[in-house]
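Peer 1: Once you've had a glance at the structure underneath, I'll fire off some questions.
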Amino acid sequence: MSELKRKLIWPLVLIFVATSATIAIVVGSVNSAVGDRRDERTMALNKSLEPAVTQASDRTGPRNLALQPEALKLSRRLGRRFWDPQRTISIASGTVTVGVTSQVVQLVRRQTDRGERIEIVIGVGPTSLTWNESDGSKSSGQTANDIERMVIERLTFDSPDQLVLAQLRGASYYTVARNVRPAQADENYEGALWDIIRVDDPDQDEQRRAQSRWRLYYVNSNTGLVDKVVSEIQGERIEATFSGWRDQEGEKSPTHIVWTRQGETLMELYLLIFSFTAAQ
C-alpha cells in the first residue's frame with residue numbers, strides 16, 4: 001500500500017467512523033432511478049439545514065461572471081443560481097463512501113461576492129468542515145489537519161460550480177484543447193469529446209491555498225457539462241468523475257461523483273436531495 005493511499009483512504013475511514021453527533025433531515029422516498037443500493041445507504045435526516053440558510057449571505061454586490069468565457073458558458077448551462085439572488089444558497093444531502101464505510105453528508109454552498117463559502121458535515125459528528133477564500137479550510141473554526149483539508153478540497157474544488165466561481169477570486173483560466181477524445185479511441189470513435197479547461201488557484205498563502213494548485217475540467221462538447229475534474233497531489237493524479245446529472249427546477253447538478261487514483265476508487269459521493277434558496 002503506497003504512502004498516498006494510506007493518507008487518502010485509511011485516515012478518512014477513521015475520521016468518518018469517529019465522528020459523533022446527530023445530523024438529520026427527513027428523507028422522502030428515493031427515486032427509483034437512484035436504485036436499491038443507494039436506498040440502503042440513505043439515513044433519515046431532519047431539517048437541521050434550515051438554520052444554515054437563514055444566515056446572512058456574504059454576497060454584497062454585483063459580480064462579473066463574464067470575465068472568463070468558458071465559465072460564463074457553463075454557468076448558463078447549470079442554471080439560474082449564479083444570476084438569481086433568490087437562489088444564492090444550494091443545499092445537497094446524500095452519502096459518502098470510503099472503502100466499505102458510508103456516512104451521511106450534507107453540503108451547503110453560499111455564493112459570495114468573492115466566490116462561495118462551503119460548509120460540510122459528514123457522519124453523525126459535531127465537526128463542521130468549512131472553506132472560504134479568506135480563511136481557507138477549517139474544522140469547527142480551527143485550522144484543518146491534512147486529512148480534513150483533503151476531504152474539504154475534494155468536495156469544494158472538484159465541483160462544476162467552482163469552474164464558474166473561481167474567476168471571482170482571481171483564478172487564471174486556460175483552454176488546453178478542444179474536442180479531445182480518449183487516448184485509446186480509434187478512428188471510428190463516436191463517443192464524448194471534451195474541451196479541457198485548466199484553472200490555476202491564485203492564492204500563495206500556505207494555509208489557504210489548495211493542496212493541488214491546478215485543476216483540469218473536462219467539459220463535454222455535446223452537453224456543455226463537466227464530465228471529469230483532474231488534479232494532482234504529491235505527483236499522484238486524482239480524477240473526479242461526474243454522472244447522473246439532474247435538472248431540478250432549472251438547476252443542473254451531478255448526483256454521483258467518484259474519485260479515483262490510477263483506476264482505484266478512493267471516495268464515492270451520492271447526492272440525493274437538492275434545494276436552492278436565498279439568504280435571509
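For the C-alpha cells, the naming scheme is as follows: chains receive sequential letters (A, B, ...) according to their order of presentation, residues are indexed from 1 within each chain, and ligands are indexed from 1 in presentation order.
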Within region 86-237 of chain A, find each residue whose DSSP state, derived from the backbone, is strand (DSSP E or B), and express the selection as an MDAnalysis selection string.

Peer 2: chainID A and resid 89:98 101:112 115:122 129:132 136:139 142:143 172:180 194:200 214:220 226:233 236:237

Peer 1: With distances taken over only C-alpha atoms, which residue among A:Gly115, A:Gly79, A:Gly99, A:Gly170 lies nearest Leu67 (chain A)?

Peer 2: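 Nearest to Leu67 (chain A): A:Gly170.
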
Peer 1: As a list in words, please: the residues near region 80-83 of chain A (cut-off 10 Å, only C-alpha atoms, same-chain neighbours under 2 positions excluded).

Peer 2: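 Near region 80-83 of chain A, the qualifying residues are Pro62, Arg63, Leu65, Leu72, Ser75, Arg76, Arg77, Leu78, Pro85, Gln86, Arg87, Thr88, Ile89, Ser90, Gln111, Asp161, Val164, Leu165, Glu249, Gly250, Glu251, Lys252, Phe276, Thr277 and Ala278 of chain A.
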
Peer 1: Could you save the residues just selected, with N, CA and C atoms, as a compact mmCIF listing (two decimals), in the first residue's frame?

Peer 2:
```txt
# COMPACT_ATOMS: atom_id res chain seq x y z
N PRO A 62 -22.81 43.33 -7.05
CA PRO A 62 -22.83 42.65 -8.34
C PRO A 62 -21.50 41.97 -8.62
N ARG A 63 -21.54 40.86 -9.33
CA ARG A 63 -20.34 40.11 -9.65
C ARG A 63 -20.24 39.96 -11.16
N LEU A 65 -19.40 37.66 -13.85
CA LEU A 65 -19.14 36.27 -14.18
C LEU A 65 -18.80 36.09 -15.66
N LEU A 72 -18.52 31.45 -18.08
CA LEU A 72 -19.82 32.05 -18.38
C LEU A 72 -20.72 31.06 -19.10
N SER A 75 -21.98 28.46 -16.66
CA SER A 75 -22.97 28.99 -15.71
C SER A 75 -24.36 29.00 -16.32
N ARG A 76 -24.45 29.28 -17.60
CA ARG A 76 -25.75 29.28 -18.27
C ARG A 76 -26.32 27.87 -18.43
N ARG A 77 -25.43 26.90 -18.54
CA ARG A 77 -25.87 25.51 -18.61
C ARG A 77 -26.38 25.01 -17.26
N LEU A 78 -25.70 25.44 -16.20
CA LEU A 78 -26.02 24.91 -14.87
C LEU A 78 -27.32 25.46 -14.30
N PRO A 85 -30.73 36.29 -7.32
CA PRO A 85 -30.46 36.46 -5.89
C PRO A 85 -31.35 35.59 -5.00
N GLN A 86 -32.41 35.02 -5.56
CA GLN A 86 -33.27 34.13 -4.79
C GLN A 86 -32.74 32.70 -4.73
N ARG A 87 -31.57 32.45 -5.37
CA ARG A 87 -31.02 31.09 -5.39
C ARG A 87 -29.53 31.10 -5.07
N THR A 88 -29.12 31.93 -4.13
CA THR A 88 -27.70 32.08 -3.85
C THR A 88 -27.15 31.01 -2.91
N ILE A 89 -28.01 30.18 -2.33
CA ILE A 89 -27.57 29.09 -1.46
C ILE A 89 -28.07 27.78 -2.03
N SER A 90 -27.16 26.83 -2.20
CA SER A 90 -27.56 25.49 -2.63
C SER A 90 -27.25 24.51 -1.51
N GLN A 111 -23.10 31.46 -2.11
CA GLN A 111 -22.39 32.35 -3.02
C GLN A 111 -22.06 33.67 -2.33
N ASP A 161 -19.50 24.05 -10.02
CA ASP A 161 -19.71 25.42 -9.57
C ASP A 161 -18.39 26.17 -9.42
N VAL A 164 -17.10 27.92 -12.45
CA VAL A 164 -17.77 29.21 -12.68
C VAL A 164 -17.24 30.28 -11.74
N LEU A 165 -17.11 29.94 -10.46
CA LEU A 165 -16.88 30.96 -9.42
C LEU A 165 -15.42 31.25 -9.10
N GLU A 249 -35.92 22.06 -11.15
CA GLU A 249 -36.39 23.45 -11.23
C GLU A 249 -35.41 24.32 -12.02
N GLY A 250 -34.88 23.76 -13.08
CA GLY A 250 -33.98 24.54 -13.94
C GLY A 250 -32.54 24.59 -13.47
N GLU A 251 -32.21 23.91 -12.37
CA GLU A 251 -30.84 23.87 -11.86
C GLU A 251 -30.25 22.48 -12.09
N LYS A 252 -29.09 22.41 -12.71
CA LYS A 252 -28.46 21.13 -13.01
C LYS A 252 -27.34 20.85 -12.01
N PHE A 276 -32.43 24.96 -3.55
CA PHE A 276 -31.79 26.22 -3.82
C PHE A 276 -32.66 27.31 -3.21
N THR A 277 -32.01 28.24 -2.50
CA THR A 277 -32.79 29.25 -1.79
C THR A 277 -31.99 30.54 -1.68
N ALA A 278 -32.64 31.58 -1.20
CA ALA A 278 -31.99 32.87 -1.00
C ALA A 278 -31.55 33.02 0.44
```

Peer 1: Could you build a table of the residues in region 113-206 of chain A lying no more than 10 Å from region 228-237 of chain A, giving for each the nearest pair of atoms and their separation in Å rounded to one decimal place, using only C-alpha atoms, ordered by chain and ascending residue number, as a Markdown table?

Peer 2:
```
| residue | atom | partner | partner_atom | distance |
| --- | --- | --- | --- | --- |
| A:Met150 | CA | A:Ile233 | CA | 9.7 |
| A:Arg154 | CA | A:Ser231 | CA | 9.7 |
| A:Phe157 | CA | A:Val229 | CA | 9.1 |
| A:Asp158 | CA | A:Val229 | CA | 6.1 |
| A:Ser159 | CA | A:Val229 | CA | 7.9 |
| A:Pro160 | CA | A:Val229 | CA | 8.7 |
| A:Leu163 | CA | A:Val229 | CA | 9.9 |
| A:Trp194 | CA | A:Lys228 | CA | 9.5 |
| A:Ile196 | CA | A:Val229 | CA | 9.4 |
| A:Ile197 | CA | A:Val229 | CA | 9.6 |
| A:Arg198 | CA | A:Val230 | CA | 9.4 |
```

Peer 1: At what distance in Å, to one decimal, does CA of Gly224 (chain A) lie from CA of Leu272 (chain A)?

Peer 2: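 Spanning CA of Leu272 (chain A) to CA of Gly224 (chain A) is a straight-line distance of 22.4 Å.
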
Peer 1: Please indicate the distance in Å from CA of Asn220 (chain A) to CA of Trp259 (chain A), rounded to one decimal place.

Peer 2: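 These atoms are spaced 18.3 Å apart.
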
Peer 1: Which of these, A:Asp146, A:Asp135, A:Asp200, A:Glu153, has the shortest distance to Ile120 (chain A) once you count only C-alpha atoms?

Peer 2: A:Glu153

Peer 1: With only C-alpha atoms as the counted atoms, please give the residues lying no more than 6 Å from Thr260 (chain A), apart from itself and same-chain residues fewer than 4 positions off, as a VMD selection string.

Peer 2: chain A and resid 238 to 239 264 to 266

Peer 1: Can you pull out the residues contacting Val180 (chain A)? Cut-off 7 Å, using only C-alpha atoms, and skip same-chain residues under 2 positions away; I want them as a PyMOL selection string.

Peer 2: chain A and resi 177-178+182+193-195

Peer 1: Which residue gives the smallest distance to Gln207 (chain A) among A:Ile122, A:Ile273, A:Ala144, A:Val98, with only C-alpha atoms counted?

Peer 2: A:Ala144

Peer 1: Which polymer residues have any atom within 9 Å of an atom of Ile91 (chain A), counting only C-alpha atoms, with same-chain residues fewer than 3 positions away left out, as a PyMOL selection string?

Peer 2: chain A and resi 49+53+106-110+273-277

Peer 1: From the list A:Gln68, A:Thr255, A:Thr241, A:Ser128, which residue is nearest Val219 (chain A) when using only C-alpha atoms?

Peer 2: A:Thr241

Peer 1: CA of Leu269 (chain A) to CA of Glu119 (chain A): how many Å, to one decimal?

Peer 2: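 Taking CA of Leu269 (chain A) and CA of Glu119 (chain A), their separation equals 15.8 Å.
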
Peer 1: Within 7 Å of Ser139 (chain A), counting only C-alpha atoms, which residues show up once you throw out same-chain ones fewer than 6 positions away? Write them as a compact mmCIF listing (two decimals) with C-alpha atoms, in the first residue's frame, please.

Peer 2:
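After the write, selection29.txt holds the following:
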```
# COMPACT_ATOMS: atom_id res chain seq x y z
CA THR A 127 -17.39 18.58 13.41
CA SER A 128 -18.19 21.09 10.68
CA LEU A 129 -15.71 21.35 7.82
CA THR A 130 -15.70 24.72 6.06
```
